[in-house]
file input.csv (CSV, C-alpha atoms)
chain,number,residue,atom,x,y,z
T,1,MET,CA,25.3,-20.4,97.4
T,2,ASN,CA,28.9,-19.1,97.8
T,3,HIS,CA,30.0,-22.1,99.9
T,4,LEU,CA,28.4,-24.4,97.4
T,5,ARG,CA,30.1,-22.7,94.5
T,6,ASN,CA,33.5,-22.8,96.1
T,7,ALA,CA,33.0,-26.5,97.0
T,8,GLY,CA,31.9,-27.4,93.4
T,9,LEU,CA,28.4,-28.3,94.6
T,10,ARG,CA,26.3,-25.4,93.3
T,11,ASP,CA,25.5,-26.9,89.9
T,12,GLU,CA,24.0,-30.0,91.6
T,13,VAL,CA,21.7,-27.9,93.7
T,14,LEU,CA,20.6,-25.7,90.8
T,15,LYS,CA,19.9,-28.8,88.7
T,16,ALA,CA,17.7,-30.2,91.4
T,17,LEU,CA,15.8,-26.9,91.8
T,18,GLY,CA,15.7,-26.0,88.1
T,19,ARG,CA,13.0,-26.3,85.5
T,20,ASP,CA,13.1,-30.1,85.1
T,21,GLN,CA,13.3,-31.1,88.7
T,22,PRO,CA,13.9,-34.9,88.2
T,23,ASP,CA,13.3,-35.6,91.8
T,24,LEU,CA,9.8,-34.2,91.7
T,25,PRO,CA,7.8,-35.3,88.6
T,26,ASP,CA,4.5,-33.6,88.2
T,27,VAL,CA,2.5,-36.8,88.4
T,28,TRP,CA,4.1,-37.6,91.9
T,29,VAL,CA,3.3,-34.1,93.2
T,30,ALA,CA,-0.3,-34.4,92.0
T,31,GLU,CA,-0.7,-37.8,93.7
T,32,ALA,CA,0.9,-36.5,96.9
T,33,THR,CA,-1.6,-33.6,96.9
T,34,ARG,CA,-4.5,-35.9,96.4
T,35,GLU,CA,-3.3,-38.1,99.3
T,36,GLY,CA,-3.3,-35.2,101.6
T,37,LEU,CA,-6.8,-34.1,100.6
T,38,ASP,CA,-8.1,-37.6,100.9
T,39,ALA,CA,-6.7,-37.8,104.4
T,40,MET,CA,-8.6,-34.6,105.2
T,41,VAL,CA,-11.8,-35.9,103.8
T,42,ARG,CA,-11.6,-39.1,105.8
T,43,GLU,CA,-11.3,-37.1,109.0
T,44,GLY,CA,-14.6,-35.2,108.1
T,45,ALA,CA,-15.6,-31.6,107.7
T,46,PRO,CA,-14.5,-29.1,108.6
T,47,GLY,CA,-11.0,-29.9,107.4
T,48,ASP,CA,-7.8,-28.0,107.7
T,49,LEU,CA,-6.1,-27.0,104.4
T,50,GLN,CA,-3.1,-25.6,106.1
T,51,GLN,CA,-2.3,-29.0,107.6
T,52,HIS,CA,-3.5,-31.3,104.8
T,53,PHE,CA,-2.6,-29.1,101.8
T,54,ALA,CA,-0.1,-26.4,102.4
T,55,GLU,CA,2.2,-27.9,105.0
T,56,ARG,CA,1.8,-31.5,103.7
T,57,VAL,CA,2.6,-30.6,100.0
T,58,ALA,CA,5.6,-28.5,101.1
T,59,ALA,CA,7.0,-31.1,103.4
T,60,ARG,CA,6.5,-34.0,100.9
T,61,CYS,CA,8.2,-32.0,98.1
T,62,MET,CA,11.2,-30.9,100.2
T,63,LEU,CA,11.7,-34.3,101.9
T,64,ARG,CA,11.6,-36.2,98.6
T,65,LEU,CA,13.9,-33.6,97.0
T,66,LEU,CA,16.5,-34.1,99.7
T,67,GLY,CA,16.0,-37.9,99.9
T,68,LEU,CA,14.4,-38.1,103.3
T,69,SER,CA,11.3,-40.1,104.2
T,70,PHE,CA,8.0,-38.5,104.9
T,71,GLU,CA,8.3,-39.9,108.5
T,72,ASP,CA,11.1,-37.3,109.0
T,73,ARG,CA,8.4,-34.6,108.8
T,74,ALA,CA,7.3,-35.2,112.4
T,75,TYR,CA,10.8,-34.4,113.7
T,76,LEU,CA,11.9,-31.7,111.2
T,77,ALA,CA,8.8,-29.6,110.6
T,78,PRO,CA,8.2,-28.4,114.2
T,79,ARG,CA,11.9,-27.5,114.5
T,80,ALA,CA,11.7,-25.6,111.2
T,81,ASP,CA,8.8,-23.7,112.6
T,82,VAL,CA,10.8,-22.8,115.7
T,83,ASP,CA,13.8,-21.6,113.6
T,84,LEU,CA,11.6,-19.1,111.7
T,85,THR,CA,9.8,-17.8,114.8
T,86,MET,CA,10.9,-14.3,116.1
T,87,VAL,CA,10.7,-12.9,119.6
T,88,THR,CA,9.4,-16.1,121.3
T,89,TYR,CA,12.6,-18.1,121.8
T,90,SER,CA,16.0,-17.2,123.3
T,91,ASP,CA,19.2,-17.2,121.3
T,92,GLU,CA,20.2,-20.3,123.2
T,93,GLU,CA,17.0,-22.1,122.4
T,94,LEU,CA,17.3,-21.2,118.8
T,95,ALA,CA,20.9,-22.4,118.6
T,96,GLY,CA,20.0,-25.7,120.3
T,97,ASN,CA,17.0,-26.2,118.0
T,98,TRP,CA,19.2,-25.6,114.9
T,99,GLU,CA,21.8,-28.0,116.1
T,100,GLU,CA,19.1,-30.7,116.3
T,101,ILE,CA,18.1,-30.1,112.7
T,102,ARG,CA,21.8,-30.1,111.6
T,103,ARG,CA,22.5,-33.4,113.4
T,104,HIS,CA,19.5,-35.0,111.8
T,105,MET,CA,20.8,-34.1,108.4
T,106,HIS,CA,24.3,-35.2,109.3
T,107,ALA,CA,23.0,-38.6,110.5
T,108,HIS,CA,20.9,-39.0,107.3
T,109,MET,CA,23.9,-38.4,105.0
T,110,ALA,CA,26.3,-40.5,107.2
T,111,ALA,CA,23.9,-43.5,106.7
T,112,ARG,CA,23.9,-43.3,102.9
T,113,ARG,CA,25.3,-45.9,100.6
T,114,PRO,CA,28.0,-44.2,98.4
T,115,GLY,CA,26.9,-44.2,94.8
T,116,GLU,CA,23.3,-45.0,95.6
T,117,PRO,CA,21.8,-41.6,96.4
T,118,ARG,CA,18.4,-41.3,97.9
T,119,GLY,CA,18.1,-37.7,96.9
T,120,LEU,CA,19.9,-34.3,96.7
T,121,ALA,CA,21.5,-34.6,100.2
T,122,ASP,CA,23.2,-37.9,99.3
T,123,ARG,CA,24.4,-36.6,96.0
T,124,LEU,CA,25.9,-33.5,97.6
T,125,ALA,CA,27.6,-35.8,100.2
T,126,ASP,CA,29.0,-38.1,97.5
T,127,LEU,CA,30.4,-35.1,95.6
T,128,ASN,CA,31.8,-33.5,98.7
T,129,ALA,CA,33.5,-36.8,99.7
T,130,ARG,CA,35.4,-36.7,96.4
T,131,HIS,CA,36.4,-33.0,96.5
T,132,GLN,CA,36.4,-32.3,100.3
T,133,GLY,CA,35.3,-28.7,99.7
T,134,LEU,CA,33.2,-28.6,102.8
T,135,THR,CA,33.5,-30.0,106.3
T,136,ASP,CA,30.7,-32.4,107.4
T,137,ARG,CA,29.4,-29.7,109.6
T,138,GLN,CA,29.2,-27.2,106.8
T,139,LEU,CA,27.5,-29.6,104.5
T,140,SER,CA,24.9,-30.6,107.1
T,141,ASN,CA,24.2,-26.9,107.9
T,142,ILE,CA,23.6,-26.3,104.2
T,143,VAL,CA,21.3,-29.2,103.8
T,144,ALA,CA,19.4,-28.0,106.9
T,145,VAL,CA,19.1,-24.6,105.4
T,146,LEU,CA,17.7,-26.1,102.2
T,147,PHE,CA,15.0,-27.9,104.1
T,148,VAL,CA,14.0,-25.2,106.5
T,149,SER,CA,13.9,-22.4,103.9
T,150,GLY,CA,12.3,-24.5,101.3
T,151,TYR,CA,9.6,-26.0,103.6
T,152,GLU,CA,8.7,-22.9,105.5
T,153,ASP,CA,8.6,-20.6,102.5
T,154,PHE,CA,6.6,-23.1,100.4
T,155,ALA,CA,4.1,-23.9,103.2
T,156,SER,CA,3.7,-20.2,103.9
T,157,PHE,CA,2.9,-19.3,100.3
T,158,LEU,CA,0.5,-22.3,99.7
T,159,GLY,CA,-1.3,-21.4,102.9
T,160,VAL,CA,-1.7,-17.7,102.3
T,161,ALA,CA,-2.5,-18.3,98.6
T,162,VAL,CA,-5.2,-20.8,99.3
T,163,PHE,CA,-6.6,-18.4,102.0
T,164,ASN,CA,-6.8,-15.7,99.3
T,165,LEU,CA,-8.4,-18.0,96.8
T,166,LEU,CA,-11.1,-19.1,99.2
T,167,GLN,CA,-12.3,-15.5,99.5
T,168,ARG,CA,-12.8,-15.5,95.8
T,169,PRO,CA,-15.2,-18.2,94.6
T,170,GLU,CA,-15.1,-16.9,91.0
T,171,ALA,CA,-11.3,-17.4,90.9
T,172,LEU,CA,-11.7,-21.0,92.2
T,173,ARG,CA,-14.4,-21.6,89.6
T,174,THR,CA,-12.2,-20.2,86.8
T,175,LEU,CA,-9.3,-22.3,87.8
T,176,ARG,CA,-11.4,-25.5,88.0
T,177,GLU,CA,-13.0,-24.8,84.6
T,178,HIS,CA,-9.8,-23.7,82.9
T,179,PRO,CA,-6.9,-25.6,84.6
T,180,GLU,CA,-4.5,-24.3,81.9
T,181,THR,CA,-4.7,-20.9,83.6
T,182,ALA,CA,-3.0,-22.2,86.8
T,183,PRO,CA,0.5,-20.9,86.1
T,184,GLN,CA,-0.8,-17.3,85.5
T,185,CYS,CA,-3.0,-17.6,88.5
T,186,VAL,CA,0.0,-18.7,90.6
T,187,GLU,CA,1.9,-15.6,89.4
T,188,GLU,CA,-0.8,-13.3,90.7
T,189,LEU,CA,-1.0,-15.2,93.9
T,190,LEU,CA,2.8,-14.8,94.3
T,191,ARG,CA,2.4,-11.0,93.8
T,192,TYR,CA,-0.8,-10.6,95.9
T,193,SER,CA,0.0,-12.9,98.9
T,194,VAL,CA,1.8,-11.1,101.8
T,195,VAL,CA,4.1,-13.8,103.1
T,196,LEU,CA,7.2,-12.1,104.6
T,197,GLY,CA,7.1,-11.4,108.3
T,198,ASN,CA,10.3,-9.4,108.2
T,199,ALA,CA,12.3,-7.3,105.8
T,200,ILE,CA,15.4,-8.1,103.7
T,201,PRO,CA,18.5,-6.2,104.8
T,202,ARG,CA,20.8,-4.5,102.3
T,203,TYR,CA,23.8,-2.2,103.0
T,204,VAL,CA,24.5,0.8,100.8
T,205,THR,CA,27.8,0.4,99.0
T,206,ARG,CA,28.2,4.0,97.9
T,207,ASP,CA,26.5,7.4,98.6
T,208,THR,CA,23.3,7.7,96.6
T,209,GLU,CA,19.7,9.1,96.5
T,210,LEU,CA,16.7,6.8,96.8
T,211,GLY,CA,13.5,8.7,96.2
T,212,ALA,CA,13.5,11.6,98.7
T,213,ALA,CA,16.1,9.9,100.9
T,214,SER,CA,19.9,10.5,100.9
T,215,LEU,CA,21.8,7.4,101.7
T,216,LYS,CA,25.4,7.1,102.8
T,217,GLN,CA,27.8,4.2,102.3
T,218,GLY,CA,27.3,1.7,105.0
T,219,ASP,CA,23.6,2.7,105.7
T,220,LEU,CA,21.2,-0.2,106.3
T,221,VAL,CA,18.2,-0.4,104.1
T,222,LEU,CA,15.3,-2.8,104.9
T,223,LEU,CA,13.4,-3.9,101.8
T,224,SER,CA,9.8,-5.3,101.7
T,225,LEU,CA,9.2,-7.5,98.7
T,226,ASP,CA,5.5,-7.6,99.8
T,227,ALA,CA,5.3,-3.8,99.6
T,228,VAL,CA,7.0,-3.5,96.2
T,229,ASN,CA,4.6,-6.0,94.7
T,230,TYR,CA,1.8,-3.4,95.5
T,231,ASP,CA,3.6,-0.5,93.8
T,232,PRO,CA,0.9,1.3,91.7
T,233,ALA,CA,3.7,2.4,89.3
T,234,ALA,CA,4.3,-1.2,88.3
T,235,PHE,CA,0.9,-2.8,88.9
T,236,PRO,CA,-2.4,-1.1,87.9
T,237,ALA,CA,-5.0,-1.4,90.7
T,238,PRO,CA,-2.5,-3.3,92.9
T,239,GLU,CA,-5.1,-4.0,95.6
T,240,THR,CA,-7.2,-6.0,93.1
T,241,PHE,CA,-6.6,-9.7,92.7
T,242,ASP,CA,-6.5,-10.3,89.0
T,243,PRO,CA,-5.4,-13.8,87.9
T,244,SER,CA,-5.2,-12.6,84.3
T,245,ARG,CA,-2.8,-9.8,85.1
T,246,SER,CA,-0.2,-9.4,82.4
T,247,PRO,CA,2.6,-8.4,82.5
T,248,ASN,CA,3.1,-9.3,86.2
T,249,PRO,CA,6.7,-8.3,87.1
T,250,HIS,CA,6.5,-9.1,90.8
T,251,LEU,CA,9.6,-9.5,92.9
T,252,ARG,CA,8.5,-12.4,95.1
T,253,PHE,CA,11.7,-14.3,94.4
T,254,GLY,CA,14.0,-11.2,94.4
T,255,TYR,CA,16.1,-10.2,91.4
T,256,GLY,CA,19.5,-10.6,89.8
T,257,ARG,CA,22.2,-12.3,91.9
T,258,HIS,CA,19.7,-12.5,94.8
T,259,HIS,CA,17.0,-14.3,92.8
T,260,CYS,CA,15.7,-17.3,94.8
T,261,PRO,CA,16.9,-20.6,93.5
T,262,GLY,CA,13.7,-22.3,94.6
T,263,ALA,CA,11.5,-20.2,92.3
T,264,HIS,CA,11.0,-22.9,89.7
T,265,LEU,CA,10.0,-25.4,92.4
T,266,VAL,CA,7.4,-23.1,93.9
T,267,ARG,CA,5.9,-22.0,90.6
T,268,ARG,CA,5.7,-25.5,89.1
T,269,HIS,CA,4.4,-27.4,92.0
T,270,SER,CA,2.0,-24.7,93.2
T,271,ALA,CA,0.3,-24.8,89.8
T,272,THR,CA,0.0,-28.6,90.1
T,273,ALA,CA,-1.2,-28.5,93.7
T,274,PHE,CA,-3.9,-25.9,93.0
T,275,ARG,CA,-5.1,-27.8,89.9
T,276,VAL,CA,-5.5,-30.9,91.9
T,277,LEU,CA,-7.2,-29.0,94.8
T,278,VAL,CA,-10.0,-27.5,92.7
T,279,ASP,CA,-10.6,-30.7,90.7
T,280,HIS,CA,-10.6,-33.0,93.7
T,281,LEU,CA,-12.8,-30.8,95.8
T,282,PRO,CA,-15.1,-28.9,93.4
T,283,ASP,CA,-17.4,-27.6,96.1
T,284,LEU,CA,-14.5,-26.3,98.4
T,285,ARG,CA,-15.5,-23.3,100.5
T,286,PRO,CA,-14.4,-21.6,103.8
T,287,ALA,CA,-15.9,-23.0,107.0
T,288,VAL,CA,-15.3,-19.8,108.9
T,289,PRO,CA,-15.2,-16.1,108.0
T,290,ALA,CA,-11.8,-14.8,106.9
T,291,ALA,CA,-11.5,-12.6,110.0
T,292,GLU,CA,-11.7,-15.8,112.2
T,293,VAL,CA,-8.8,-17.6,110.5
T,294,PRO,CA,-6.0,-17.8,113.1
T,295,TRP,CA,-2.4,-16.9,112.2
T,296,HIS,CA,0.9,-17.9,113.8
T,297,PRO,CA,2.5,-15.0,115.6
T,298,HIS,CA,6.1,-13.7,115.0
T,299,ARG,CA,6.8,-15.9,112.0
T,300,MET,CA,9.4,-14.8,109.4
T,301,ALA,CA,7.3,-16.7,106.9
T,302,ILE,CA,3.7,-15.6,107.5
T,303,MET,CA,1.5,-18.7,107.9
T,304,PRO,CA,-2.1,-19.4,108.9
T,305,ALA,CA,-2.4,-21.7,112.0
T,306,GLU,CA,-5.3,-23.4,110.3
T,307,ILE,CA,-7.6,-22.9,107.3
T,308,LEU,CA,-10.9,-24.7,108.0
T,309,VAL,CA,-13.0,-25.6,105.0
T,310,THR,CA,-16.0,-27.7,103.9
T,311,TRP,CA,-16.6,-29.3,100.5
call {"tool": "encode", "arguments": {"input": "input.csv", "output": "structure tokens"}}
result
Amino acid sequence: MNHLRNAGLRDEVLKALGRDQPDLPDVWVAEATREGLDAMVREGAPGDLQQHFAERVAARCMLRLLGLSFEDRAYLAPRADVDLTMVTYSDEELAGNWEEIRRHMHAHMAARRPGEPRGLADRLADLNARHQGLTDRQLSNIVAVLFVSGYEDFASFLGVAVFNLLQRPEALRTLREHPETAPQCVEELLRYSVVLGNAIPRYVTRDTELGAASLKQGDLVLLSLDAVNYDPAAFPAPETFDPSRSPNPHLRFGYGRHHCPGAHLVRRHSATAFRVLVDHLPDLRPAVPAAEVPWHPHRMAIMPAEILVTW
């Protein structure tokens, strides 16, 4: 965000990701969700909710937000997966993979018609052309970060969240019978769902005490937002999934200056997607036991490889 702020582009990004989200009206998100579920139904049971629900909704939202076409998903999504995979790839492979994403974003913005933006990427490019706060390479890197982080984190959450819901038929039934409870249910899914495959690094700025540990200036501290959301001091019975939990002061999106700018997007469109899911497929149920659901290894954003269901 510092580069965007210095270049005068931060407000445009925050407006696109804020509460109103003009690029992503609720009715469009609902229809996009139904289209993915209909495609799954046409293929026949068992169907894969990770592919047709979690990854599809996340991709469609992020691509529309940036102004890219859904056809770009076939090129960008696998490369986003590689970028957030640990251990498996060499530094050279990761650098080459990122450069392919960046070049794709650069080509997209270079092909724009000035003053006729297709989405957030073009609007940023138009603003930057006037102010020249960023080089073309810097801007295409930032747009690539917006897609990769937005798509991977959203697809991860939707996948893990729907996996958790499928193990709780009563929660699915309550959500179907009382769709107005979707926002509160999403808050508990955000707390309960373990989605981070790594920790968040922070450096100590001055000597201090943290619990029983003595920390010195310059020490590295690794934070787990998944673990903190299970703190019994903040959440009574933290191992219990309780969609009516209130208050629910989870830190899924961080806090303060590090609060995730995509929080409104995930909250709003997750609620829409889950309402459509339970309404469109009222008899939705797992096709395999929870223990047999496969997961992608070494992902920074934890993600099921597939979630097979019947309906």
call {"tool": "closest_residue", "arguments": {"input": "input.csv", "among": "T:Leu175, T:Leu4, T:Met303, T:Met86", "to": "Leu139 of chain T", "atoms": "all atoms listed in the file"}}
result
T:Leu4
call {"tool": "residues_around", "arguments": {"input": "input.csv", "residues": "Ala290 of chain T", "least_positions_apart": "2", "cutoff": "12 Å", "atoms": "only C-alpha atoms", "output": "list in words"}}
result
Val160, Val162, Phe163, Asn164, Leu165, Leu166, Gln167, Arg168, Arg285, Pro286, Ala287, Val288, Glu292, Val293, Pro294, Trp295, Pro304, Glu306, Ile307, Leu308 and Val309 of chain T
call {"tool": "residues_around", "arguments": {"input": "input.csv", "residues": "Ala80 of chain T", "least_positions_apart": "2", "cutoff": "12 Å", "atoms": "all atoms listed in the file", "output": "PyMOL selection string"}}
result
chain T and resi 55+59+72-78+82-85+94+97-102+144-153+155+299-301
call {"tool": "atom_distance", "arguments": {"input": "input.csv", "atom1": "atom CA of Tyr255 of chain T", "atom2": "atom CA of Ala58 of chain T"}}
result
23.2 Å
call {"tool": "closest_residue", "arguments": {"input": "input.csv", "among": "T:Gly47, T:Pro169, T:Pro183, T:Gly133", "to": "Ser244 of chain T", "atoms": "all atoms listed in the file"}}
result
T:Pro183
call {"tool": "closest_residue", "arguments": {"input": "input.csv", "among": "T:Ser193, T:Asn128, T:Ser90, T:Thr208", "to": "Arg10 of chain T", "atoms": "all atoms listed in the file"}}
result
T:Asn128
call {"tool": "atom_distance", "arguments": {"input": "input.csv", "atom1": "atom CA of Arg268 of chain T", "atom2": "atom CA of Ile200 of chain T"}}
result
24.7 Å
call {"tool": "atom_distance", "arguments": {"input": "input.csv", "atom1": "atom CA of Ser246 of chain T", "atom2": "atom CA of Pro261 of chain T"}}
result
23.3 Å
call {"tool": "closest_residue", "arguments": {"input": "input.csv", "among": "T:Arg267, T:Arg19, T:Arg137, T:Arg112", "to": "Arg252 of chain T", "atoms": "only C-alpha atoms"}}
result
T:Arg267
call {"tool": "closest_residue", "arguments": {"input": "input.csv", "among": "T:Leu189, T:Ala16, T:Glu43, T:Met105", "to": "Ser270 of chain T", "atoms": "all atoms listed in the file"}}
result
T:Leu189
call {"tool": "closest_residue", "arguments": {"input": "input.csv", "among": "T:Leu190, T:Ala182, T:Leu222, T:Leu124", "to": "Asn248 of chain T", "atoms": "all atoms listed in the file"}}
result
T:Leu190
call {"tool": "residues_around", "arguments": {"input": "input.csv", "residues": "segment 34-40 of chain T", "least_positions_apart": "2", "cutoff": "12 Å", "atoms": "all atoms listed in the file", "output": "number ranges by chain"}}
result
T: 27-32, 42-60, 272-281, 284, 307-311
call {"tool": "residues_near_point", "arguments": {"input": "input.csv", "point": "(35.8, -20.9, 101.3)", "cutoff": "12 Å", "atoms": "only C-alpha atoms", "output": "list of chain:residue names"}}
result
T:Met1, T:Asn2, T:His3, T:Leu4, T:Arg5, T:Asn6, T:Ala7, T:Gly8, T:Gln132, T:Gly133, T:Leu134, T:Thr135, T:Gln138
